[in-house]
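**Student:** Handing you this structure, nothing more for now.
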Amino acid sequence: MSFWPFNAAVTLTAASGALVPNATIVSPINNDGILNFLAIDDAPDTNPSAPLINNKFKIYYSQVENLFLENKIEEVIVACPNCFNTIKKYSKSVKVKTIWEVINENSIPKNLINHYNDLDIKFSLHDPCPVRYESKIHDSVRLILKSMGIKIVEFDKSRENTECCGSGGMLRVTNPKLALEQTNKRASEAKTDTVISYCESCCEAMMIANKNTLHILDFMFNDNVINKSKFTQDKTSTIKKWKNRYKSIKLIKN
């Protein structure tokens, strides 16, 4: 299934199941927890639980950092925007890049080039807020979509001006009402019936607002999408998500 021909020592932190050759797998870091930590870390006096959260994060992340060091990992490839930010900030000894840059540099599978050219459907592209200032990621994503023949419509606020989907900073846990308001606001700004993104938390937020939603990897690995029979994700339980993560890790290790 892997189709990116490069030999760098890499590791993949993602729940997507996308495969990268010769990769070491790290259990994905909870998106909301990391974003919450980063917000607290930048303004430690704003939350009384900051010391406890910071300490727990440092204990957990030290295991990830040790894995990098023990295996002499030089480059880390991620699909998750929050993982990108976290590793970039806390693992200075490794280079971190996204799977979107890798795919863009090595091309998509030949069978997917212009595969969606005949679609009349247009998709609203939502940029995840954790990578709002990463223009190279924005460009790579759009070039990948263009190469597959996918027609996108930009939000009025996109790229560096993108807005949160409502799931950031553990808001859905700490203030569900406000989170839902932000989710509905962002979804209402979409100019098409279907929203696509490259963050699964963002995708799930859009589904909460009853939008048809796809992750970009769905265009590459979801048979229903590839066959052009269905253009939205199925809602998945938390238990099933963890099962999928376990299957992905087991598949790559084997």
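Identifiers for the structure tokens are assigned positionally: chains receive A, B, ... in sequence, residues are indexed from 1 per chain, and ligands are indexed from 1 in the order shown.
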Select from stretch 69-113 of chain A every residue with an atom at most 10 Å from any atom of stretch 132-152 of chain A, then for each give the shortest pair of atoms and their distance in Å to one decimal, using only C-alpha atoms, rows by chain and rising number, as CSV.
**Tutor:**
```
residue,atom,partner,partner_atom,distance
A:Pro81,CA,A:Arg132,CA,9.6
A:Lys97,CA,A:Ile137,CA,8.7
A:Thr98,CA,A:Ile137,CA,7.2
A:Ile99,CA,A:Ile137,CA,9.1
A:Trp100,CA,A:Ser140,CA,5.8
A:Glu101,CA,A:Ser140,CA,5.6
A:Val102,CA,A:Ser140,CA,8.7
A:Ile103,CA,A:Ile144,CA,7.5
A:Asn104,CA,A:Ser140,CA,5.8
A:Glu105,CA,A:Ser140,CA,8.5
A:Ser107,CA,A:Ile144,CA,8.0
A:Ile108,CA,A:Ile144,CA,7.4
A:Pro109,CA,A:Met148,CA,9.5
A:Lys110,CA,A:Met148,CA,9.6
A:Asn111,CA,A:Met148,CA,9.3
A:Leu112,CA,A:Met148,CA,5.7
A:Ile113,CA,A:Met148,CA,4.7
```
**Student:** Which polymer residues have any atom within 8 Å of an atom of A:Ala190, counting only C-alpha atoms, with same-chain residues fewer than 3 positions away left out, as an MDAnalysis selection string?
**Tutor:** chainID A and resid 124 155 186:187 193 195
**Student:** Go ahead and save the picked residues with C-alpha atoms, as a PDB file, in the first residue's frame.
**Tutor:**
```
ATOM      1  CA  SER A 124     -15.115  23.563   0.860  1.00  0.00           C
ATOM      2  CA  PHE A 155     -13.646  29.672   3.034  1.00  0.00           C
ATOM      3  CA  ARG A 186     -17.608  27.602  11.087  1.00  0.00           C
ATOM      4  CA  ALA A 187     -19.770  25.047   9.288  1.00  0.00           C
ATOM      5  CA  ASP A 193     -22.575  21.050   0.984  1.00  0.00           C
ATOM      6  CA  VAL A 195     -16.415  20.145   3.776  1.00  0.00           C
TER       7      VAL A 195
END
```
**Student:** Counting only C-alpha atoms, which residue out of A:Leu67, A:Asp234, A:Asp127, A:Lys56 sits closest to A:Asn222?
**Tutor:**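 Closest residue, counting only C-alpha atoms: A:Asp234.
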**Student:** Can you list, as a PyMOL selection string, every residue of stretch 6-245 of chain A that DSSP puts in alpha helix (DSSP H)?
**Tutor:** chain A and resi 31-42+50-70+81-90+99-106+135-147+171-174+176-188+200-208+218-221+223-226+238-245
**Student:** Can you measure atom CA of A:Val153 to atom CA of A:Asn114 for me? One decimal in Å is fine.
**Tutor:** 17.5 Å
